[in-house]
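Enquirer: What follows is the file work02.pdb, containing PDB, C-alpha atoms:
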```
MODEL        1
ATOM      1  CA  MET A 973       0.000   0.000   0.000
ATOM      2  CA  LYS A 974       1.517   3.313  -1.072
ATOM      3  CA  GLY A 975       0.501   6.031   1.389
ATOM      4  CA  TYR A 976      -3.074   6.657   2.459
ATOM      5  CA  ILE A 977      -6.232   7.933   0.797
ATOM      6  CA  THR A 978      -8.909   9.969   2.531
ATOM      7  CA  TYR A 979     -11.499   8.340   4.746
ATOM      8  CA  ALA A 980     -14.266   9.484   2.380
ATOM      9  CA  SER A 981     -12.473   8.090  -0.676
ATOM     10  CA  ALA A 982     -11.849   4.731   0.983
ATOM     11  CA  ARG A 983     -15.472   4.502   2.071
ATOM     12  CA  ALA A 984     -16.790   5.462  -1.368
ATOM     13  CA  THR A 985     -15.028   2.604  -3.154
ATOM     14  CA  GLN A 986     -15.066  -0.009  -0.405
ATOM     15  CA  ALA A 987     -17.834  -2.258  -1.745
ATOM     16  CA  GLU A 988     -16.291  -2.302  -5.204
ATOM     17  CA  GLU A 989     -12.792  -2.951  -3.853
ATOM     18  CA  LEU A 990     -14.049  -5.777  -1.644
ATOM     19  CA  GLY A 991     -15.655  -7.267  -4.741
ATOM     20  CA  ARG A 992     -12.223  -7.392  -6.358
ATOM     21  CA  ALA A 993     -10.235  -8.400  -3.284
ATOM     22  CA  ILE A 994     -12.328 -11.269  -1.903
ATOM     23  CA  PRO A 995     -12.020 -13.551  -4.981
ATOM     24  CA  LEU A 996      -8.261 -12.958  -5.108
ATOM     25  CA  ILE A 997      -7.935 -13.757  -1.412
ATOM     26  CA  ALA A 998     -10.161 -16.824  -1.807
ATOM     27  CA  ASP A 999      -7.931 -18.101  -4.629
ATOM     28  CA  GLN A1000      -4.845 -17.786  -2.408
ATOM     29  CA  VAL A1001      -6.553 -19.563   0.477
ATOM     30  CA  GLU A1002      -7.810 -22.431  -1.665
ATOM     31  CA  ALA A1003      -4.416 -22.849  -3.335
ATOM     32  CA  ARG A1004      -2.702 -23.127   0.038
ATOM     33  CA  SER A1005      -5.371 -25.529   1.233
ATOM     34  CA  ALA A1006      -4.827 -27.737  -1.815
ATOM     35  CA  LEU A1007      -1.120 -27.899  -0.928
ATOM     36  CA  GLY A1008      -1.976 -29.034   2.596
ATOM     37  CA  GLN A1009      -0.629 -25.872   4.229
ATOM     38  CA  LEU A1010      -3.838 -25.073   6.107
ATOM     39  CA  ALA A1011      -4.289 -28.249   8.108
ATOM     40  CA  GLY A1012      -3.503 -29.710  11.492
ATOM     41  CA  PRO A1013      -3.551 -27.839  14.805
ATOM     42  CA  GLY A1014      -5.552 -24.650  14.627
ATOM     43  CA  PRO A1015      -3.911 -21.254  14.189
ATOM     44  CA  ILE A1016      -3.036 -18.775  16.909
ATOM     45  CA  PHE A1017      -3.604 -15.235  15.625
ATOM     46  CA  VAL A1018      -1.427 -12.400  16.914
ATOM     47  CA  GLY A1019      -1.867  -8.714  16.227
ATOM     48  CA  ILE A1020      -2.287  -5.242  17.648
ATOM     49  CA  GLY A1021      -5.301  -2.898  17.668
ATOM     50  CA  ALA A1022      -7.702  -3.362  14.773
ATOM     51  CA  SER A1023      -5.684  -6.329  13.501
ATOM     52  CA  LEU A1024      -6.322  -8.173  16.760
ATOM     53  CA  ALA A1025     -10.012  -7.243  16.642
ATOM     54  CA  ALA A1026     -10.264  -8.632  13.110
ATOM     55  CA  ALA A1027      -9.377 -12.129  14.356
ATOM     56  CA  CYS A1028     -12.261 -12.400  16.823
ATOM     57  CA  ALA A1029     -15.041 -13.689  14.569
ATOM     58  CA  PRO A1030     -12.701 -16.062  12.650
ATOM     59  CA  VAL A1031     -11.556 -17.591  15.957
ATOM     60  CA  TRP A1032     -15.220 -18.048  16.878
ATOM     61  CA  GLU A1033     -15.833 -19.806  13.547
ATOM     62  CA  LEU A1034     -12.867 -22.136  14.051
ATOM     63  CA  ARG A1035     -13.788 -23.050  17.609
ATOM     64  CA  SER A1036     -17.403 -23.631  16.509
ATOM     65  CA  ARG A1037     -15.977 -26.313  14.215
ATOM     66  CA  GLY A1038     -14.077 -27.886  17.124
ATOM     67  CA  ILE A1039     -10.691 -26.523  16.007
ATOM     68  CA  HIS A1040      -8.544 -25.106  18.788
ATOM     69  CA  SER A1041      -7.729 -21.494  17.970
ATOM     70  CA  LEU A1042      -7.261 -18.238  19.831
ATOM     71  CA  ARG A1043      -6.086 -14.654  19.381
ATOM     72  CA  LEU A1044      -3.395 -12.901  21.402
ATOM     73  CA  GLY A1045      -2.228  -9.329  21.648
ATOM     74  CA  ALA A1046       1.212  -9.439  20.054
ATOM     75  CA  GLY A1047       2.712  -7.102  22.625
ATOM     76  CA  ASP A1048       1.025  -8.534  25.697
ATOM     77  CA  TYR A1049       3.255 -11.574  26.310
ATOM     78  CA  PRO A1050       6.997 -12.165  26.519
ATOM     79  CA  VAL A1051       8.990 -13.407  23.555
ATOM     80  CA  PRO A1052      10.162 -15.847  22.461
ATOM     81  CA  PHE A1053       6.790 -17.490  21.966
ATOM     82  CA  PRO A1054       6.689 -20.783  23.923
ATOM     83  CA  PRO A1055       7.206 -23.989  21.926
ATOM     84  CA  SER A1056       3.937 -24.929  20.245
ATOM     85  CA  VAL A1057       2.566 -27.096  17.462
ATOM     86  CA  HIS A1058       0.116 -24.355  16.480
ATOM     87  CA  PRO A1059       0.876 -22.151  13.482
ATOM     88  CA  ILE A1060       1.224 -18.480  14.407
ATOM     89  CA  VAL A1061      -0.633 -16.106  12.098
ATOM     90  CA  GLY A1062       0.635 -12.546  12.355
ATOM     91  CA  ILE A1063      -1.889  -9.906  11.290
ATOM     92  CA  SER A1064      -0.571  -6.530  10.164
ATOM     93  CA  GLN A1065      -1.958  -4.398   7.363
ATOM     94  CA  SER A1066       1.334  -2.538   7.003
ATOM     95  CA  GLY A1067       3.437  -5.647   7.540
ATOM     96  CA  ARG A1068       5.564  -3.468   9.830
ATOM     97  CA  SER A1069       3.982  -3.912  13.279
ATOM     98  CA  ALA A1070       6.959  -4.214  15.617
ATOM     99  CA  GLU A1071       5.352  -6.484  18.209
ATOM    100  CA  THR A1072       3.847  -8.861  15.626
ATOM    101  CA  LEU A1073       7.149  -9.112  13.791
ATOM    102  CA  ALA A1074       8.938  -9.945  17.053
ATOM    103  CA  VAL A1075       6.531 -12.796  17.808
ATOM    104  CA  LEU A1076       6.927 -14.296  14.327
ATOM    105  CA  GLU A1077      10.715 -14.042  14.428
ATOM    106  CA  SER A1078      10.689 -16.034  17.684
ATOM    107  CA  VAL A1079       8.946 -19.143  16.273
ATOM    108  CA  PRO A1080      10.212 -21.783  13.822
ATOM    109  CA  GLU A1081       9.967 -20.708  10.200
ATOM    110  CA  GLU A1082       7.535 -23.502   9.319
ATOM    111  CA  LEU A1083       5.020 -22.119  11.851
ATOM    112  CA  ARG A1084       5.104 -18.547  10.538
ATOM    113  CA  PHE A1085       2.029 -17.360   8.670
ATOM    114  CA  ALA A1086       0.777 -13.838   8.097
ATOM    115  CA  VAL A1087      -2.025 -11.739   6.638
ATOM    116  CA  VAL A1088      -0.744  -8.401   5.339
ATOM    117  CA  ASN A1089      -1.807  -5.714   2.907
ATOM    118  CA  SER A1090       1.402  -3.849   2.073
ATOM    119  CA  GLU A1091       4.039  -5.644   0.030
ATOM    120  CA  PRO A1092       6.960  -5.951   0.251
ATOM    121  CA  SER A1093       7.083  -5.791   4.035
ATOM    122  CA  PRO A1094       9.232  -7.084   6.904
ATOM    123  CA  ILE A1095       6.546  -9.518   8.060
ATOM    124  CA  GLY A1096       5.913 -10.662   4.498
ATOM    125  CA  ARG A1097       9.589 -11.483   4.079
ATOM    126  CA  ILE A1098       9.752 -13.910   7.005
ATOM    127  CA  ALA A1099       6.327 -15.611   6.891
ATOM    128  CA  SER A1100       4.122 -17.525   4.509
ATOM    129  CA  THR A1101       1.884 -14.627   3.596
ATOM    130  CA  LEU A1102      -1.712 -14.243   2.548
ATOM    131  CA  SER A1103      -1.844 -10.894   0.743
ATOM    132  CA  LEU A1104      -4.749  -8.457   0.569
ATOM    133  CA  GLY A1105      -3.129  -6.975  -2.533
ATOM    134  CA  ASN A1106      -1.817  -3.526  -1.580
ATOM    135  CA  LEU A1107      -5.303  -2.094  -1.190
ATOM    136  CA  ALA A1108      -5.513   1.680  -0.875
ATOM    137  CA  ASP A1109      -6.758   2.419   2.644
ATOM    138  CA  SER A1110      -7.465   5.383   4.904
ATOM    139  CA  TYR A1111      -5.311   6.253   7.919
ATOM    140  CA  ALA A1112      -8.143   5.245  10.259
ATOM    141  CA  SER A1113      -8.540   1.904   8.531
ATOM    142  CA  THR A1114     -11.695   1.140   6.539
ATOM    143  CA  LEU A1115     -11.119  -1.173   3.557
ATOM    144  CA  GLY A1116      -7.941  -2.572   5.093
ATOM    145  CA  TYR A1117      -9.909  -3.710   8.129
ATOM    146  CA  THR A1118     -12.869  -5.234   6.288
ATOM    147  CA  ALA A1119     -10.596  -7.032   3.823
ATOM    148  CA  THR A1120      -8.521  -8.384   6.718
ATOM    149  CA  VAL A1121     -11.660  -9.782   8.378
ATOM    150  CA  ALA A1122     -12.612 -11.381   5.048
ATOM    151  CA  ALA A1123      -9.170 -12.954   4.624
ATOM    152  CA  LEU A1124      -9.174 -14.360   8.153
ATOM    153  CA  GLY A1125     -12.764 -15.556   7.745
ATOM    154  CA  LEU A1126     -11.900 -17.431   4.564
ATOM    155  CA  LEU A1127      -8.843 -18.902   6.262
ATOM    156  CA  ALA A1128     -11.041 -20.102   9.125
ATOM    157  CA  ASP A1129     -13.568 -21.614   6.724
ATOM    158  CA  VAL A1130     -11.056 -23.781   4.872
ATOM    159  CA  TRP A1131      -8.789 -24.731   7.777
ATOM    160  CA  ASP A1132      -8.297 -28.482   8.142
ATOM    161  CA  GLY A1133     -10.575 -29.595   5.320
ATOM    162  CA  GLY A1134     -13.317 -26.977   5.465
ATOM    163  CA  THR A1135     -14.795 -25.167   2.476
ATOM    164  CA  PRO A1136     -15.462 -21.446   1.936
ATOM    165  CA  ASP A1137     -18.997 -20.399   2.807
ATOM    166  CA  ALA A1138     -20.962 -19.480  -0.326
ATOM    167  CA  GLY A1139     -21.797 -16.101   1.166
ATOM    168  CA  TRP A1140     -18.281 -14.800   0.542
ATOM    169  CA  ALA A1141     -18.934 -14.719  -3.201
ATOM    170  CA  ARG A1142     -21.931 -12.428  -2.602
ATOM    171  CA  LEU A1143     -20.557 -10.378   0.271
ATOM    172  CA  ALA A1144     -19.510  -7.334  -1.734
ATOM    173  CA  GLU A1145     -22.997  -7.141  -3.244
ATOM    174  CA  THR A1146     -24.571  -7.577   0.191
ATOM    175  CA  PHE A1147     -22.223  -4.911   1.556
ATOM    176  CA  ALA A1148     -23.332  -2.432  -1.116
ATOM    177  CA  GLU A1149     -27.014  -3.163  -0.483
ATOM    178  CA  VAL A1150     -26.640  -2.712   3.289
ATOM    179  CA  GLU A1151     -24.643   0.475   2.771
ATOM    180  CA  ASP A1152     -27.337   1.927   0.520
ATOM    181  CA  ARG A1153     -30.100   1.007   2.983
ATOM    182  CA  LEU A1154     -28.410   2.120   6.186
ATOM    183  CA  THR A1155     -26.299   5.176   5.346
ATOM    184  CA  ALA A1156     -29.067   7.718   5.939
ATOM    185  CA  PRO A1157     -30.618   6.255   9.115
ATOM    186  CA  VAL A1158     -27.245   5.435  10.706
ATOM    187  CA  SER A1159     -25.849   8.878   9.887
ATOM    188  CA  ALA A1160     -28.884  10.422  11.547
ATOM    189  CA  LEU A1161     -27.857   8.763  14.832
ATOM    190  CA  ALA A1162     -24.719  10.913  14.948
ATOM    191  CA  GLU A1163     -26.576  13.667  16.811
ATOM    192  CA  LEU A1164     -26.816  11.320  19.810
ATOM    193  CA  PHE A1165     -23.038  11.633  20.161
ATOM    194  CA  ALA A1166     -22.816  15.404  19.737
ATOM    195  CA  THR A1167     -21.909  16.183  23.344
ATOM    196  CA  VAL A1168     -21.194  12.832  24.999
ATOM    197  CA  SER A1169     -17.989  12.394  26.990
ATOM    198  CA  SER A1170     -17.688   8.628  26.496
ATOM    199  CA  SER A1171     -19.233   5.593  24.825
ATOM    200  CA  ASP A1172     -19.397   1.862  25.575
ATOM    201  CA  PHE A1173     -19.222  -0.737  22.807
ATOM    202  CA  VAL A1174     -20.473  -4.181  23.790
ATOM    203  CA  GLY A1175     -20.657  -7.347  21.700
ATOM    204  CA  ALA A1176     -21.703 -10.976  21.822
ATOM    205  CA  GLY A1177     -18.855 -13.529  21.639
ATOM    206  CA  PRO A1178     -18.232 -13.411  17.871
ATOM    207  CA  ALA A1179     -18.859  -9.646  17.832
ATOM    208  CA  VAL A1180     -16.395  -8.709  20.572
ATOM    209  CA  GLY A1181     -13.982  -7.773  17.802
ATOM    210  CA  SER A1182     -16.579  -5.434  16.318
ATOM    211  CA  ALA A1183     -17.005  -3.782  19.715
ATOM    212  CA  GLU A1184     -13.232  -3.391  20.024
ATOM    213  CA  ALA A1185     -12.826  -2.064  16.493
ATOM    214  CA  GLY A1186     -15.799   0.271  16.908
ATOM    215  CA  ALA A1187     -14.380   1.718  20.109
ATOM    216  CA  LEU A1188     -11.002   2.187  18.432
ATOM    217  CA  LEU A1189     -12.591   4.017  15.498
ATOM    218  CA  PHE A1190     -14.461   6.340  17.823
ATOM    219  CA  ARG A1191     -11.250   7.143  19.654
ATOM    220  CA  GLU A1192      -9.275   7.672  16.433
ATOM    221  CA  VAL A1193     -11.853   9.405  14.262
ATOM    222  CA  ALA A1194     -14.244  11.184  16.638
ATOM    223  CA  ARG A1195     -11.873  11.591  19.648
ATOM    224  CA  ILE A1196     -14.477  10.149  22.018
ATOM    225  CA  PRO A1197     -13.139   8.029  24.897
ATOM    226  CA  ALA A1198     -14.607   4.603  24.152
ATOM    227  CA  THR A1199     -14.245   1.074  25.483
ATOM    228  CA  GLY A1200     -15.028  -2.223  23.756
ATOM    229  CA  MET A1201     -15.858  -5.373  25.689
ATOM    230  CA  SER A1202     -17.853  -8.578  25.610
ATOM    231  CA  THR A1203     -21.461  -8.761  26.735
ATOM    232  CA  ARG A1204     -20.644 -11.027  29.648
ATOM    233  CA  GLN A1205     -17.807  -8.821  30.862
ATOM    234  CA  TYR A1206     -20.122  -5.819  30.636
ATOM    235  CA  LEU A1207     -22.844  -7.550  32.640
ATOM    236  CA  HIS A1208     -20.365  -8.427  35.383
ATOM    237  CA  GLY A1209     -20.158  -4.935  36.793
ATOM    238  CA  SER A1210     -19.007  -2.661  33.992
ATOM    239  CA  MET A1211     -22.495  -1.489  33.073
ATOM    240  CA  GLU A1212     -22.942  -0.098  36.591
ATOM    241  CA  SER A1213     -21.120   3.070  35.493
ATOM    242  CA  ALA A1214     -23.454   3.711  32.569
ATOM    243  CA  GLY A1215     -23.588   7.491  32.453
ATOM    244  CA  ASP A1216     -24.626  10.025  29.877
ATOM    245  CA  GLY A1217     -22.767   8.338  27.015
ATOM    246  CA  VAL A1218     -24.268   6.398  24.119
ATOM    247  CA  HIS A1219     -24.082   2.601  24.245
ATOM    248  CA  VAL A1220     -23.451   0.609  21.060
ATOM    249  CA  VAL A1221     -24.480  -3.029  21.384
ATOM    250  CA  PHE A1222     -23.853  -5.851  18.864
ATOM    251  CA  GLY A1223     -25.800  -9.116  19.065
ATOM    252  CA  ASP A1224     -28.989 -11.130  18.846
ATOM    253  CA  SER A1225     -29.539 -12.857  22.194
ATOM    254  CA  ARG A1226     -28.648 -11.513  25.653
ATOM    255  CA  GLU A1227     -27.775  -8.238  23.919
ATOM    256  CA  LEU A1228     -31.475  -7.580  23.255
ATOM    257  CA  ASP A1229     -32.240  -7.620  26.981
ATOM    258  CA  LEU A1230     -29.136  -5.580  27.726
ATOM    259  CA  ALA A1231     -30.101  -2.920  25.206
ATOM    260  CA  THR A1232     -33.664  -2.784  26.512
ATOM    261  CA  THR A1233     -32.507  -2.524  30.133
ATOM    262  CA  LEU A1234     -30.220   0.391  29.337
ATOM    263  CA  ALA A1235     -32.797   2.123  27.139
ATOM    264  CA  ASP A1236     -35.556   1.729  29.724
ATOM    265  CA  ALA A1237     -33.246   3.391  32.243
ATOM    266  CA  GLY A1238     -32.978   6.414  29.955
ATOM    267  CA  HIS A1239     -29.695   5.648  28.220
ATOM    268  CA  HIS A1240     -29.427   5.958  24.435
ATOM    269  CA  VAL A1241     -28.550   2.611  22.867
ATOM    270  CA  VAL A1242     -27.640   1.833  19.263
ATOM    271  CA  LEU A1243     -28.481  -1.869  18.854
ATOM    272  CA  ILE A1244     -26.873  -3.593  15.861
ATOM    273  CA  SER A1245     -28.694  -6.876  15.465
ATOM    274  CA  ALA A1246     -30.115  -9.332  12.966
ATOM    275  CA  GLU A1247     -33.317  -9.468  14.999
ATOM    276  CA  SER A1248     -36.293  -7.189  14.416
ATOM    277  CA  VAL A1249     -36.556  -4.808  17.368
ATOM    278  CA  ALA A1250     -38.954  -1.885  17.764
ATOM    279  CA  ALA A1251     -37.387   1.533  18.187
ATOM    280  CA  THR A1252     -38.158   3.767  21.156
ATOM    281  CA  SER A1253     -37.060   7.263  22.122
ATOM    282  CA  THR A1254     -33.852   5.775  23.576
ATOM    283  CA  LEU A1255     -33.450   2.457  21.708
ATOM    284  CA  HIS A1256     -32.172   2.833  18.152
ATOM    285  CA  PRO A1257     -32.022  -0.526  16.307
ATOM    286  CA  VAL A1258     -29.917  -1.070  13.189
ATOM    287  CA  ARG A1259     -30.833  -4.337  11.501
ATOM    288  CA  LEU A1260     -28.319  -6.467   9.600
ATOM    289  CA  PRO A1261     -28.912  -9.647   7.599
ATOM    290  CA  LYS A1262     -28.260 -12.994   9.265
ATOM    291  CA  LEU A1263     -24.809 -14.152   8.136
ATOM    292  CA  PRO A1264     -21.971 -16.304   9.500
ATOM    293  CA  ALA A1265     -19.901 -14.545  12.154
ATOM    294  CA  ALA A1266     -16.963 -13.334  10.036
ATOM    295  CA  GLN A1267     -19.170 -12.079   7.192
ATOM    296  CA  ARG A1268     -21.385 -10.292   9.656
ATOM    297  CA  ALA A1269     -18.320  -8.684  11.236
ATOM    298  CA  VAL A1270     -17.595  -7.032   7.886
ATOM    299  CA  LEU A1271     -21.080  -5.492   7.890
ATOM    300  CA  GLU A1272     -20.788  -4.466  11.544
ATOM    301  CA  ALA A1273     -17.599  -2.623  10.591
ATOM    302  CA  LEU A1274     -19.510  -0.864   7.798
ATOM    303  CA  VAL A1275     -22.111   0.418  10.280
ATOM    304  CA  MET A1276     -19.346   1.726  12.546
ATOM    305  CA  GLN A1277     -17.622   3.455   9.632
ATOM    306  CA  ILE A1278     -20.832   5.192   8.570
ATOM    307  CA  LEU A1279     -21.660   6.229  12.120
ATOM    308  CA  VAL A1280     -18.234   7.496  13.174
ATOM    309  CA  GLY A1281     -17.821   9.537  10.005
ATOM    310  CA  ALA A1282     -21.089  11.306  10.712
ATOM    311  CA  VAL A1283     -20.192  11.756  14.386
ATOM    312  CA  ALA A1284     -16.854  13.353  13.463
ATOM    313  CA  GLU A1285     -18.707  15.805  11.236
ATOM    314  CA  VAL A1286     -21.201  16.655  13.993
ATOM    315  CA  ARG A1287     -18.368  17.225  16.478
ATOM    316  CA  GLY A1288     -16.205  19.152  14.030
ATOM    317  CA  VAL A1289     -13.283  16.701  14.072
ATOM    318  CA  ASP A1290     -10.950  16.403  11.081
ATOM    319  CA  ILE A1291     -10.862  12.679  10.298
ATOM    320  CA  GLU A1292      -7.539  12.904   8.462
ATOM    321  CA  GLU A1293      -5.586  14.325  11.414
ATOM    322  CA  PHE A1294      -4.312  12.206  14.309
ATOM    323  CA  VAL A1295      -3.164  13.828  17.551
ATOM    324  CA  PHE A1296      -0.304  11.500  18.506
ATOM    325  CA  HIS A1297       2.269   9.743  16.351
ATOM    326  CA  ASN A1298       4.330   7.028  18.055
ATOM    327  CA  ALA A1299       7.642   6.186  16.436
ATOM    328  CA  ASP A1300       8.131   2.745  18.004
ATOM    329  CA  THR A1301       5.037   0.861  16.799
ATOM    330  CA  LYS A1302       6.314   0.247  13.240
ATOM    331  CA  VAL A1303       9.657  -1.027  12.012
ATOM    332  CA  SER A1304      11.308   0.259   8.846
ATOM    333  CA  VAL A1305      10.269  -1.304   5.558
ATOM    334  CA  ASP A1306      13.651  -3.025   5.205
ATOM    335  CA  ALA A1307      13.635  -4.604   8.678
ATOM    336  CA  GLY A1308      13.143  -8.317   9.319
ATOM    337  CA  GLY A1309      14.464 -11.159   7.268
ATOM    338  CA  ALA A1310      15.618 -13.345  10.163
ATOM    339  CA  ALA A1311      15.417 -17.068   9.497
TER     340      ALA A1311
ENDMDL
END
```
Give the structure from this file in structure tokens form.

Expert:
Amino acid sequence: MKGYITYASARATQAEELGRAIPLIADQVEARSALGQLAGPGPIFVGIGASLAAACAPVWELRSRGIHSLRLGAGDYPVPFPPSVHPIVGISQSGRSAETLAVLESVPEELRFAVVNSEPSPIGRIASTLSLGNLADSYASTLGYTATVAALGLLADVWDGGTPDAGWARLAETFAEVEDRLTAPVSALAELFATVSSSDFVGAGPAVGSAEAGALLFREVARIPATGMSTRQYLHGSMESAGDGVHVVFGDSRELDLATTLADAGHHVVLISAESVAATSTLHPVRLPKLPAAQRAVLEALVMQILVGAVAEVRGVDIEEFVFHNADTKVSVDAGGAA
């Protein structure tokens, strides 16, 4: 990926670009599967920030099939990575994430896998890489994130003898249809966030990643302090501090009761669900189609992108400007290469 494009430009072409990227990613995944590279013990995904969030739904899909898999924050544990039979899949759109590179360099070469967008890259040079294809992305990631979720979802589908879900072939079309239907009503919800000082993002198991990614977007793009967590973690005490912020809830089961409880107590709740729920003065449902977890995560990301862009406009925040730039989170493009 050469530089960045604007948030608006990335959003405007996202459905079309996903339509081009998903078949290319699917071809890579199926070719590797045919060679027997995607078999055996399930993968452990490592990443930072949005890359870590992107692995949530794919891990859920794998574990639903009885395949042991998990995701770990690349910088949250000591290196070297302990001896393991599980392949390590590093996730980094830039291919330059320092912590993810360090984890991969610490494991045997045959266990190193990666999903990256930018090529060539340090991570791409040391791992067996699934490429998104140098997609043009915004600084606060849009297409890079949704394509990463798609790549990991396809990887989860085919791991150890599985087959890609048929919905992937239609996802770009579904994405465009949902975008057309929801852009106006979701954008209208931005006024709820005009003066809030914080926001909670809460998701069911496979949607925890969407809650994390949504909270990150709101911090990056709208400068609103936001926290993402699982429904069960939220129920175990965290919701007791529900204040004057807006709550964004993802899910179809316990999340419906959670959203209703908060809304009945006078808190504004944006409920992103595949279930049909009646709106009230404080409950604001956004309905998505019923899809497998990883495909749905792509659509949940779309809703967050629409909403946060509108919120930034309402609050007068320049999406293209970040406040802090940390020099130690990325390595140089010519780093890496260790055997």

Enquirer: Please list as a ChimeraX atom specification every residue within 12 Å of Arg1153 of chain A, counting only C-alpha atoms and excluding residues in the same chain fewer than 5 positions away.

Expert: /A:1146-1148,1158-1159,1258-1261,1274-1275,1278

Enquirer: Using atom CA of Val1242 of chain A and atom CA of Tyr1206 of chain A as the two end points, give the distance in Å to one decimal.

Expert: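 Here the two named atoms are 15.6 Å from each other.
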
Enquirer: From the options A:Pro1030, A:Gly1223, A:Pro1136, A:Gly1288, which residue's atoms come nearest to Val1001 of chain A, counting all atoms listed in the file?

Expert: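 Closest to Val1001 of chain A, using all atoms listed in the file: A:Pro1136.
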
Enquirer: Determine the nearest neighbour of His1240 of chain A from the options A:Glu1163, A:Glu988, A:Glu1227, A:Glu1151, counting all atoms listed in the file.

Expert: A:Glu1163

Enquirer: Could you list, as an MDAnalysis selection string, every residue matched by the PyMOL selection byres ((chain A and resi 1291) around 10) in this structure?

Expert: chainID A and resid 978:980 1110:1112 1192:1195 1280:1281 1284:1285 1288:1290 1292:1294

Enquirer: Using the chain letters and numbers from this file, what does the PyMOL selection byres ((chain A and resi 1113-1117) around 8) select? Give the answer as an mmCIF file with C-alpha atoms, keeping the file's coordinate frame.

Expert:
```cif
data_model
loop_
_atom_site.group_PDB
_atom_site.id
_atom_site.type_symbol
_atom_site.label_atom_id
_atom_site.label_comp_id
_atom_site.auth_asym_id
_atom_site.auth_seq_id
_atom_site.Cartn_x
_atom_site.Cartn_y
_atom_site.Cartn_z
ATOM 1 C CA TYR A 979 -11.499 8.340 4.746
ATOM 2 C CA ALA A 982 -11.849 4.731 0.983
ATOM 3 C CA ARG A 983 -15.472 4.502 2.071
ATOM 4 C CA GLN A 986 -15.066 -0.009 -0.405
ATOM 5 C CA GLU A 989 -12.792 -2.951 -3.853
ATOM 6 C CA LEU A 990 -14.049 -5.777 -1.644
ATOM 7 C CA ALA A 1022 -7.702 -3.362 14.773
ATOM 8 C CA SER A 1023 -5.684 -6.329 13.501
ATOM 9 C CA ALA A 1026 -10.264 -8.632 13.110
ATOM 10 C CA GLN A 1065 -1.958 -4.398 7.363
ATOM 11 C CA ASN A 1089 -1.807 -5.714 2.907
ATOM 12 C CA LEU A 1107 -5.303 -2.094 -1.190
ATOM 13 C CA ALA A 1108 -5.513 1.680 -0.875
ATOM 14 C CA ASP A 1109 -6.758 2.419 2.644
ATOM 15 C CA SER A 1110 -7.465 5.383 4.904
ATOM 16 C CA TYR A 1111 -5.311 6.253 7.919
ATOM 17 C CA ALA A 1112 -8.143 5.245 10.259
ATOM 18 C CA THR A 1118 -12.869 -5.234 6.288
ATOM 19 C CA ALA A 1119 -10.596 -7.032 3.823
ATOM 20 C CA THR A 1120 -8.521 -8.384 6.718
ATOM 21 C CA VAL A 1121 -11.660 -9.782 8.378
ATOM 22 C CA GLN A 1277 -17.622 3.455 9.632
#
```

Enquirer: Which distance in Å separates atom CA of Leu1207 of chain A and atom CA of Ser1245 of chain A, to one decimal?

Expert: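 Computing the Euclidean distance for atom CA of Leu1207 of chain A and atom CA of Ser1245 of chain A yields 18.2 Å.
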
Enquirer: What does the structure give for the distance between atom CA of Trp1131 of chain A and atom CA of Gly1019 of chain A, in Å to one decimal?

Expert: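 Distance reported for this atom pair: 19.4 Å.
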
Enquirer: Which residues match the PyMOL selection byres ((chain A and resi 1173-1188) around 6) in the file above, as a PyMOL selection string?

Expert: chain A and resi 1022+1025+1028-1029+1032+1172+1189-1191+1198-1203+1220-1223+1276

Enquirer: So that I have them on file, write out the residues from the current selection with C-alpha atoms, as a tab-separated table (two decimals), in the frame of the given file.

Expert:
```tsv
chain	number	residue	atom	x	y	z
A	1022	ALA	CA	-7.70	-3.36	14.77
A	1025	ALA	CA	-10.01	-7.24	16.64
A	1028	CYS	CA	-12.26	-12.40	16.82
A	1029	ALA	CA	-15.04	-13.69	14.57
A	1032	TRP	CA	-15.22	-18.05	16.88
A	1172	ASP	CA	-19.40	1.86	25.58
A	1189	LEU	CA	-12.59	4.02	15.50
A	1190	PHE	CA	-14.46	6.34	17.82
A	1191	ARG	CA	-11.25	7.14	19.65
A	1198	ALA	CA	-14.61	4.60	24.15
A	1199	THR	CA	-14.24	1.07	25.48
A	1200	GLY	CA	-15.03	-2.22	23.76
A	1201	MET	CA	-15.86	-5.37	25.69
A	1202	SER	CA	-17.85	-8.58	25.61
A	1203	THR	CA	-21.46	-8.76	26.74
A	1220	VAL	CA	-23.45	0.61	21.06
A	1221	VAL	CA	-24.48	-3.03	21.38
A	1222	PHE	CA	-23.85	-5.85	18.86
A	1223	GLY	CA	-25.80	-9.12	19.07
A	1276	MET	CA	-19.35	1.73	12.55
```

Enquirer: If we draw a sphere of 12 Å around (-26.0, 0.0, 36.9), which residues have at least one atom in it when counting all atoms listed in the file? Please report them as a VMD selection string.

Expert: chain A and resid 1206 to 1215 1230 1233 to 1234 1237 to 1239
